[in-house]
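**Student:** My file is upload11.txt. It has compact mmCIF, C-alpha atoms:
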```txt
# COMPACT_ATOMS: atom_id res chain seq x y z
CA MET R 1 18.48 23.61 10.97
CA MET R 2 21.59 22.02 12.37
CA ASN R 3 24.09 21.72 9.58
CA LEU R 4 25.76 18.32 9.52
CA ALA R 5 28.34 18.13 6.75
CA ARG R 6 28.49 15.07 4.53
CA SER R 7 31.76 14.06 6.16
CA THR R 8 30.36 14.34 9.68
CA THR R 9 29.68 11.04 11.41
CA VAL R 10 26.02 10.81 12.34
CA THR R 11 23.87 8.40 14.25
CA LEU R 12 20.55 6.98 13.17
CA ILE R 13 18.34 6.80 16.24
CA ALA R 14 15.21 4.76 16.75
CA VAL R 15 13.54 5.62 20.04
CA LEU R 16 10.76 3.20 20.85
CA VAL R 17 8.11 3.39 23.54
CA ALA R 18 8.92 0.54 25.92
CA PHE R 19 6.58 -2.00 27.47
CA LEU R 20 3.90 -1.87 24.81
CA PRO R 21 2.10 -5.13 24.00
CA ARG R 22 3.49 -4.79 20.48
CA PRO R 23 6.15 -2.52 18.94
CA GLY R 24 5.30 1.17 19.12
CA ASN R 25 6.10 3.84 16.57
CA ALA R 26 9.74 4.73 15.92
CA GLU R 27 11.43 8.07 15.54
CA VAL R 28 13.99 8.07 12.73
CA SER R 29 16.39 10.97 13.19
CA VAL R 30 20.05 11.93 13.20
CA GLY R 31 22.02 13.01 16.24
CA PRO R 32 24.81 15.56 15.68
CA ASN R 33 26.98 14.68 18.68
CA ALA R 34 27.48 10.94 18.20
CA ALA R 35 30.99 9.53 18.07
CA ALA R 36 30.14 6.73 15.66
CA PRO R 37 27.23 5.49 13.55
CA GLY R 38 24.82 3.48 15.64
CA LEU R 39 21.25 2.58 16.39
CA LEU R 40 19.55 2.98 19.75
CA LEU R 41 17.01 0.19 19.73
CA ALA R 42 16.30 -1.58 23.00
CA GLY R 43 16.58 -5.35 22.77
CA GLY R 44 18.18 -5.62 19.33
CA GLU R 45 20.15 -3.98 16.58
CA ASP R 46 18.34 -5.13 13.44
CA PRO R 47 15.87 -2.52 12.13
CA PHE R 48 14.39 -4.75 9.43
CA VAL R 49 11.14 -5.18 11.37
CA TRP R 50 10.77 -1.72 12.85
CA PRO R 51 7.32 -0.30 13.39
CA THR R 52 6.41 2.78 11.39
CA PHE R 53 7.56 6.42 11.62
CA ASP R 54 6.46 8.97 14.20
CA ILE R 55 7.80 11.62 16.60
CA VAL R 56 8.76 10.27 20.02
CA ARG R 57 11.03 13.04 21.35
CA PHE R 58 9.11 16.27 20.86
CA HIS R 59 12.05 18.45 21.95
CA VAL R 60 14.14 17.39 18.92
CA ASP R 61 14.69 19.79 16.01
CA PRO R 62 12.02 18.59 13.54
CA SER R 63 14.40 19.08 10.61
CA LEU R 64 16.42 16.12 11.93
CA ILE R 65 13.42 13.77 11.84
CA LEU R 66 12.53 11.79 8.74
CA ASN R 67 8.89 11.32 7.70
CA ALA R 68 7.43 12.42 11.03
CA THR R 69 3.87 11.99 9.71
CA GLY R 70 4.48 8.49 8.38
CA ALA R 71 2.36 6.75 11.01
CA ALA R 72 -0.60 9.04 10.33
CA ASN R 73 -0.17 8.53 6.58
CA GLY R 74 -0.20 4.74 6.90
CA ASP R 75 3.42 4.20 5.86
CA LYS R 76 5.07 0.93 6.81
CA GLY R 77 8.28 0.52 8.78
CA PRO R 78 11.71 1.69 7.61
CA ALA R 79 14.90 -0.22 6.91
CA PHE R 80 18.26 1.50 6.72
CA ALA R 81 21.91 1.11 5.80
CA MET R 82 24.89 3.31 6.55
CA ASP R 83 26.79 4.61 3.53
CA PRO R 84 30.41 3.51 4.17
CA VAL R 85 31.71 6.38 2.01
CA THR R 86 29.89 9.24 3.79
CA GLY R 87 28.99 7.58 7.10
CA ALA R 88 25.41 8.81 6.67
CA PRO R 89 22.17 6.80 6.87
CA VAL R 90 20.03 5.84 3.87
CA VAL R 91 16.44 4.83 4.66
CA VAL R 92 13.85 2.97 2.59
CA TRP R 93 10.22 2.23 3.37
CA ALA R 94 6.82 1.40 1.86
CA TRP R 95 5.03 4.74 1.39
CA TRP R 96 1.24 4.94 1.11
CA ASP R 97 0.48 7.15 -1.91
CA GLY R 98 -3.27 7.22 -1.30
CA SER R 99 -4.13 4.14 -3.34
CA ASP R 100 -1.29 1.63 -2.84
CA TYR R 101 2.22 1.30 -1.42
CA GLU R 102 5.33 2.42 -3.31
CA ILE R 103 9.00 2.20 -2.29
CA ALA R 104 10.48 5.48 -1.01
CA LEU R 105 14.09 6.38 -0.19
CA SER R 106 15.74 9.29 1.60
CA GLU R 107 19.31 9.84 2.77
CA TRP R 108 21.06 12.29 5.05
CA THR R 109 23.13 14.57 2.83
CA ASP R 110 24.41 18.14 3.08
CA GLY R 111 22.90 18.60 6.53
CA ALA R 112 19.37 17.48 5.69
CA TRP R 113 17.22 14.54 4.69
CA SER R 114 17.11 14.45 0.91
CA PRO R 115 13.82 14.85 -0.97
CA TRP R 116 12.21 11.45 -1.17
CA GLN R 117 12.92 9.33 -4.20
CA ILE R 118 9.90 7.23 -5.14
CA LEU R 119 11.49 4.15 -6.67
CA THR R 120 8.34 2.40 -7.92
CA ASP R 121 5.20 3.58 -9.69
CA ASN R 122 2.37 1.14 -10.31
CA ALA R 123 -1.08 0.16 -9.06
CA VAL R 124 0.08 -2.81 -6.94
CA ASP R 125 1.47 -2.76 -3.39
CA ASP R 126 5.29 -2.69 -3.21
CA LEU R 127 6.29 -3.81 0.29
CA ASP R 128 9.03 -4.57 2.83
CA PRO R 129 12.08 -3.00 1.17
CA ALA R 130 15.57 -3.93 2.33
CA ILE R 131 18.77 -2.06 1.47
CA THR R 132 22.48 -2.75 1.42
CA ILE R 133 25.36 -0.44 0.43
CA ASP R 134 28.74 -1.84 -0.57
CA PRO R 135 32.15 -0.22 0.20
CA ALA R 136 32.10 1.64 -3.14
CA GLY R 137 28.74 3.24 -2.29
CA THR R 138 26.57 1.13 -4.61
CA ARG R 139 23.02 0.97 -3.29
CA ARG R 140 20.87 -2.11 -3.73
CA VAL R 141 17.21 -2.18 -2.73
CA SER R 142 15.10 -5.33 -2.76
CA TRP R 143 11.35 -5.61 -2.07
CA TRP R 144 8.32 -7.65 -3.06
CA ARG R 145 5.36 -6.73 -5.19
CA ALA R 146 2.02 -8.12 -4.08
CA GLY R 147 -0.57 -9.54 -6.43
CA GLN R 148 -1.88 -12.87 -7.60
CA SER R 149 1.72 -14.12 -7.89
CA PRO R 150 3.95 -12.05 -5.54
CA GLN R 151 7.41 -11.35 -6.95
CA VAL R 152 10.71 -10.15 -5.47
CA TRP R 153 12.52 -7.30 -7.23
CA LEU R 154 15.87 -5.50 -7.11
CA LEU R 155 17.06 -1.99 -7.97
CA GLU R 156 20.68 -0.81 -8.06
CA ARG R 157 22.35 2.58 -8.18
CA PHE R 158 26.10 2.58 -8.70
CA ALA R 159 28.17 5.34 -7.11
CA SER R 160 29.33 6.45 -10.56
CA GLN R 161 25.76 6.83 -11.86
CA ASP R 162 23.05 9.39 -11.14
CA GLY R 163 20.04 7.16 -11.74
CA TRP R 164 18.78 3.75 -10.77
CA SER R 165 18.98 0.64 -12.92
CA PRO R 166 15.78 -0.79 -14.41
CA GLU R 167 13.83 -3.06 -12.08
CA GLU R 168 15.20 -6.60 -12.07
CA ARG R 169 13.00 -9.54 -11.10
CA VAL R 170 14.76 -11.87 -8.65
CA THR R 171 12.15 -14.62 -8.41
CA GLN R 172 11.64 -17.04 -11.27
CA ILE R 173 8.56 -16.71 -13.48
CA VAL R 174 7.08 -19.90 -12.02
CA GLU R 175 7.66 -19.03 -8.35
CA ASP R 176 6.36 -16.46 -5.92
CA GLY R 177 8.35 -14.70 -3.23
CA SER R 178 7.94 -12.13 -0.49
CA ARG R 179 9.63 -10.28 2.39
CA PRO R 180 13.19 -10.20 1.02
CA GLY R 181 16.56 -9.20 2.41
CA VAL R 182 19.60 -8.32 0.30
CA VAL R 183 23.37 -8.58 0.84
CA ALA R 184 26.36 -8.11 -1.47
CA VAL R 185 30.00 -9.13 -1.07
CA SER R 186 32.61 -8.38 -3.75
CA GLY R 187 29.86 -7.51 -6.20
CA LEU R 188 28.04 -10.84 -5.78
CA VAL R 189 24.43 -10.10 -4.84
CA ARG R 190 22.25 -12.47 -2.83
CA VAL R 191 18.58 -11.98 -2.01
CA ALA R 192 16.87 -14.06 0.67
CA TYR R 193 13.08 -14.39 0.71
CA GLN R 194 10.27 -16.70 1.69
CA ARG R 195 8.30 -18.72 -0.83
CA GLU R 196 4.99 -20.45 -0.34
CA GLY R 197 5.10 -24.21 -0.92
CA GLN R 198 2.52 -26.94 -0.37
CA ASN R 199 1.47 -26.17 3.22
CA LEU R 200 5.05 -24.96 3.82
CA ARG R 201 7.05 -21.77 3.71
CA GLU R 202 10.43 -22.19 2.03
CA ILE R 203 13.45 -20.03 2.86
CA VAL R 204 15.22 -19.27 -0.41
CA VAL R 205 18.48 -17.49 -1.23
CA SER R 206 18.91 -16.46 -4.86
CA THR R 207 22.39 -15.54 -6.08
CA ARG R 208 22.95 -13.45 -9.20
CA GLU R 209 25.49 -15.31 -11.31
CA GLY R 210 24.50 -14.01 -14.70
CA ALA R 211 20.96 -15.26 -14.15
CA TRP R 212 19.45 -15.58 -10.69
CA GLN R 213 20.12 -18.99 -9.13
CA PRO R 214 17.69 -19.85 -6.30
CA GLU R 215 18.64 -22.27 -3.53
CA ILE R 216 16.28 -23.54 -0.83
CA LEU R 217 17.88 -23.27 2.61
CA ALA R 218 15.02 -24.72 4.64
CA SER R 219 11.27 -25.09 4.92
CA THR R 220 8.82 -24.83 7.78
CA ALA R 221 5.13 -25.35 8.37
CA TYR R 222 5.18 -22.56 10.95
CA LEU R 223 2.79 -19.68 10.19
CA GLY R 224 4.68 -16.99 12.09
CA PRO R 225 3.95 -15.23 15.40
CA ALA R 226 0.84 -13.55 14.01
CA GLY R 227 -0.37 -16.64 12.16
CA ASP R 228 -0.29 -14.76 8.84
CA GLY R 229 2.53 -16.74 7.21
CA ASP R 230 5.23 -14.11 7.88
CA ILE R 231 8.27 -15.95 9.26
CA ASP R 232 10.48 -12.83 9.11
CA VAL R 233 13.31 -14.03 6.86
CA VAL R 234 16.28 -11.67 7.31
CA ALA R 235 19.59 -11.63 5.43
CA HIS R 236 22.52 -10.22 7.41
CA GLN R 237 25.99 -9.11 6.43
CA GLN R 238 28.91 -7.98 8.55
CA GLN R 239 31.94 -7.36 6.37
CA ALA R 240 32.40 -10.66 4.48
CA THR R 241 30.21 -12.77 6.81
CA ILE R 242 26.72 -13.56 5.51
CA TRP R 243 23.94 -15.38 7.31
CA VAL R 244 20.18 -15.77 7.02
CA ASP R 245 17.76 -16.32 9.88
CA TRP R 246 14.02 -16.89 10.18
CA ILE R 247 11.39 -17.88 12.75
CA THR R 248 10.86 -21.63 12.56
CA ALA R 249 8.61 -22.16 15.62
CA ASP R 250 7.20 -20.22 18.56
CA GLY R 251 10.21 -18.79 20.40
CA LEU R 252 12.77 -20.30 18.03
CA LEU R 253 14.97 -18.70 15.37
CA ALA R 254 16.82 -20.85 12.85
CA TYR R 255 19.85 -19.69 10.87
CA ARG R 256 22.47 -20.75 8.35
CA VAL R 257 25.85 -19.14 7.64
CA TYR R 258 27.50 -18.93 4.23
CA ASP R 259 31.05 -20.28 3.82
CA PRO R 260 32.77 -18.55 0.86
CA GLN R 261 35.66 -21.02 0.91
CA THR R 262 33.42 -23.97 0.04
CA ASP R 263 30.54 -21.99 -1.50
CA THR R 264 28.14 -23.79 0.83
CA TRP R 265 25.81 -22.97 3.70
CA SER R 266 26.29 -24.35 7.19
CA ALA R 267 23.91 -26.83 8.74
CA THR R 268 20.84 -25.21 10.27
CA GLU R 269 21.29 -24.09 13.87
CA THR R 270 18.74 -22.59 16.22
CA GLN R 271 18.51 -19.90 18.87
CA PRO R 272 15.60 -20.10 21.33
CA TYR R 273 14.08 -17.04 22.93
CA GLU R 274 11.35 -16.40 25.48
CA TRP R 275 9.46 -13.48 26.91
CA ASN R 276 7.18 -12.71 29.84
CA THR R 277 4.09 -10.84 28.70
CA ALA R 278 3.01 -10.21 32.29
CA ALA R 279 6.28 -8.34 32.84
CA GLY R 280 5.70 -6.17 29.77
CA GLU R 281 8.05 -8.14 27.51
CA THR R 282 7.14 -8.79 23.87
CA GLU R 283 7.87 -11.51 21.35
CA TYR R 284 9.33 -8.85 19.07
CA TRP R 285 11.97 -7.70 21.54
CA ALA R 286 12.86 -11.24 22.56
CA ARG R 287 13.31 -12.17 18.89
CA GLU R 288 15.59 -9.20 18.21
CA THR R 289 17.66 -10.04 21.30
CA ALA R 290 18.07 -13.56 19.93
CA ARG R 291 19.23 -12.08 16.62
CA THR R 292 21.89 -10.12 18.48
CA LEU R 293 23.11 -13.35 20.09
CA ILE R 294 23.32 -15.01 16.68
CA ARG R 295 25.25 -12.04 15.29
CA ARG R 296 27.80 -12.27 18.09
CA ARG R 297 28.15 -16.00 17.55
CA VAL R 298 28.74 -15.98 13.79
CA THR R 299 30.87 -12.85 13.33
CA PRO R 300 34.55 -12.49 14.26
```
For this file, write the structure as structure tokens.

**Tutor:**
Amino acid sequence: MMNLARSTTVTLIAVLVAFLPRPGNAEVSVGPNAAAPGLLLAGGEDPFVWPTFDIVRFHVDPSLILNATGAANGDKGPAFAMDPVTGAPVVVWAWWDGSDYEIALSEWTDGAWSPWQILTDNAVDDLDPAITIDPAGTRRVSWWRAGQSPQVWLLERFASQDGWSPEERVTQIVEDGSRPGVVAVSGLVRVAYQREGQNLREIVVSTREGAWQPEILASTAYLGPAGDGDIDVVAHQQQATIWVDWITADGLLAYRVYDPQTDTWSATETQPYEWNTAAGETEYWARETARTLIRRRVTP
């Protein structure tokens, strides 16, 4: 095993098979010779909608690869954050335990991927985890729990504590929610998610100010690229800049940016994208490229 010390800067690499009609499997591994943390992902830099785990580069030391049998097991795609204290990646995903999905976490520490932490334990599917890590090293994981009334949940682990906090429900008792993203600035936590309305999908951001305070950013009748209602709501954070984007129509992302000075969100703006299927291009890659353009536009 290659020994990468905790203080060594590492790179999280996702190598995807290009020109597939839909995203292929991803290899999640560390690279010992990188100069800075990064992500090799053609067409975009946001791993929130990665495909699932696998081995793509068979010459790589297998000890560097996380969950290499995830695709065969039926696991869903990973999301990651870089720990600003150690510079190492922390990865979360929905793990198939043989009867339903639970939320799993592993991080690169002391030259190896840590034993998986299984953060949930129940008989209902726990899906689509997102993770953020603040400058002090506090980890926050948000996900949704399927069922008759889907709910969004949050777990926290402070750098000064060994264990995780009890599960905290983000959605209100009378609302459902799914497919969340989580950000935190100066200890203020916000979770974005989609909520089913009357023939509409609502984009909601809930802020924890004592109790959770939900705010509707937008709504759309669009059913998503696959027609299954998934409009891919993603919360982004780069230093103190926060924005949320979602798919609002075929080939069109919408987004709003938070202004901390006025405690308000900007007017909705859009970013179109297009792709040529005949040339091997996919909606997925075009969408992630559009997200990169939005990131460049809204961040300093």

**Student:** Compile the contact shell of segment 128-145 of chain R as a VMD selection string: residues with an atom at most 9 Å away, counting only C-alpha atoms, same-chain residues fewer than 2 positions apart removed.

**Tutor:** chain R and resid 48 to 49 76 to 86 90 to 94 103 to 104 124 to 126 147 149 to 160 170 177 to 187 189 191 237

**Student:** To one decimal in Å, tell me the separation between atom CA of Thr220 of chain R and atom CA of Glu196 of chain R.

**Tutor:**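 Rounded to one decimal, the two atoms are 10.0 Å apart.
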
**Student:** Which residue out of R:Thr264, R:Ser206, R:Gln271, R:Gln213 has the minimum interatomic distance to Leu252 of chain R when all atoms listed in the file are used?

**Tutor:** R:Gln271

**Student:** Could you state the separation of atom CA of Ser63 of chain R and atom CA of Trp108 of chain R in Å, given to one decimal place?

**Tutor:** 11.0 Å

**Student:** So the first atom is atom CA of Trp95 of chain R and the second is atom CA of Arg291 of chain R; what is the distance between them in Å, to one decimal place?

**Tutor:**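 Atom CA of Arg291 of chain R lies at a distance of 26.8 Å from atom CA of Trp95 of chain R.
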